[in-house]
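Colleague: Would you mind keeping the following structure in view while I ask a few things?
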Amino acid sequence: MGSPIFARSDVFGEKANASGRAPAGAQGQQAQYGQQQYGAGYAATDAATLNTMYSSPSATTADTGRLTYDDVIVKTGGLLALLVATGAVTWVMFPQLFFVGAIVGLVLGLVNAFKREPSPALIVAYTVAQGVFLGGISQAFEAQWSGIVLQAVLATVSTFAACLWLFRSGRVRVTPRFTRWLLFAMVGYLVFSLVNVVMMFAGVGDGGFGPLREGPLGIAVGLIAVGLASASLIVDFDAIQRGVRNGVPKKYAWSAAFGLMVTLIWLYLEFLRLLAILRGE
């Protein structure tokens, strides 16, 4: 997997259910049906009951407790609504708490990323912390560059829609080569960002984004970062699709929603920083 969020859980990998064994729910149903068909209960089943059983519709993934796209959409939509609400409250009342939200969000993000089993409570807590961070930082950007937050939000939504269309249409395919390239590129970007932060705290440069994120170089790096976040979105879509096809448990909708939230927040911040550089520091 190219996305570190989904890579921590084997259920979103291509090897899920590779053993050919039916999911636990399906095995239970097969065993129960076998008992009815060949056990003592079969003799007591009349023709009308059998006809009703054969005429009833097949169980869907929702009926068997398996992951569906609706599960992911509902969880992601709920987390986004919570993020926006928390951000709005922080913007109006506590914008100075953005640094606290950033630290708490980073810690909770790492905890959730390395958990094998999803924790709804920790994922919700992460969303609230990120809402505090985004609300405060967005208020600061908006105070200096009027209208920049709306521009960043529209750019994020448009990019999300474009990536989803590219993935659903098959114009972009997630291959092992694609995921390896994305992983190497993200590691390189992480190292670059760490160097930039160290130089900024060392007093190099005059801008607020670090010496390596200023001027034409900053614009170029911002465009690359937006491209990496967009590619990560496509990998997230592919991981969710495999999870649905493999029939993973419904609870992993929380993991899918968390992965999408991490990527969308990253994409929004990159657009916010890129637009600030374009509009002049």
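Just so we're on the same page: first chain in the structure tokens is A, next is B, and so on; residues restart at 1 for each chain, and ligands are numbered from 1 in the order they show up.
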Hey, what's within 9 Å of Thr90 of chain A if we count only C-alpha atoms and toss same-chain stuff fewer than 2 positions away? As a list of chain:residue names, please?

Modeller: A:Ala85, A:Thr86, A:Gly87, A:Ala88, A:Val92, A:Met93, A:Phe94, A:Pro95, A:Gln96, A:Leu97, A:Phe98, A:Gly131, A:Val132, A:Phe133, A:Leu134, A:Gly135, A:Gly136, A:Gln139

Colleague: Please, which residues of segment 45-191 of chain A, numbered as in this document, come out helix (DSSP H, G or I) from DSSP, as a ChimeraX atom specification?

Modeller: /A:47-55,69-93,95-113,120-144,148-169,176-191

Colleague: Have a look at atom CA of Val235 of chain A and atom CA of Pro216 of chain A and let me know their distance in Å, one decimal.

Modeller: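 Computed distance, atom CA of Val235 of chain A to atom CA of Pro216 of chain A, equals 29.0 Å.
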
Colleague: Tell me which of A:Gly227, A:Gly259, A:Pro249, A:Gly101 sits closest to Met186 of chain A, counting only C-alpha atoms.

Modeller: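 Of the candidates, the smallest distance to Met186 of chain A is held by A:Gly227.
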
Colleague: So that I can see what lies close to segment 200-202 of chain A, please list as a PDB file with C-alpha atoms, in the first residue's frame the residues with an atom at most 8 Å from it, counting only C-alpha atoms and leaving out residues fewer than 6 positions away in the same chain.

Modeller:
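This is the output file around07.pdb:
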```pdb
ATOM      1  CA  PHE A 209       7.165  29.447   5.664  1.00  0.00           C
ATOM      2  CA  GLY A 210      10.880  28.782   5.901  1.00  0.00           C
ATOM      3  CA  PRO A 211      13.729  29.618   3.504  1.00  0.00           C
TER       4      PRO A 211
END
```

Colleague: Show me, as a ChimeraX atom specification, the residues that have an atom within 10 Å of Ser119 of chain A when counting only C-alpha atoms, minus same-chain residues fewer than 6 positions from it.

Modeller: /A:111-112,125,251-252,254-255
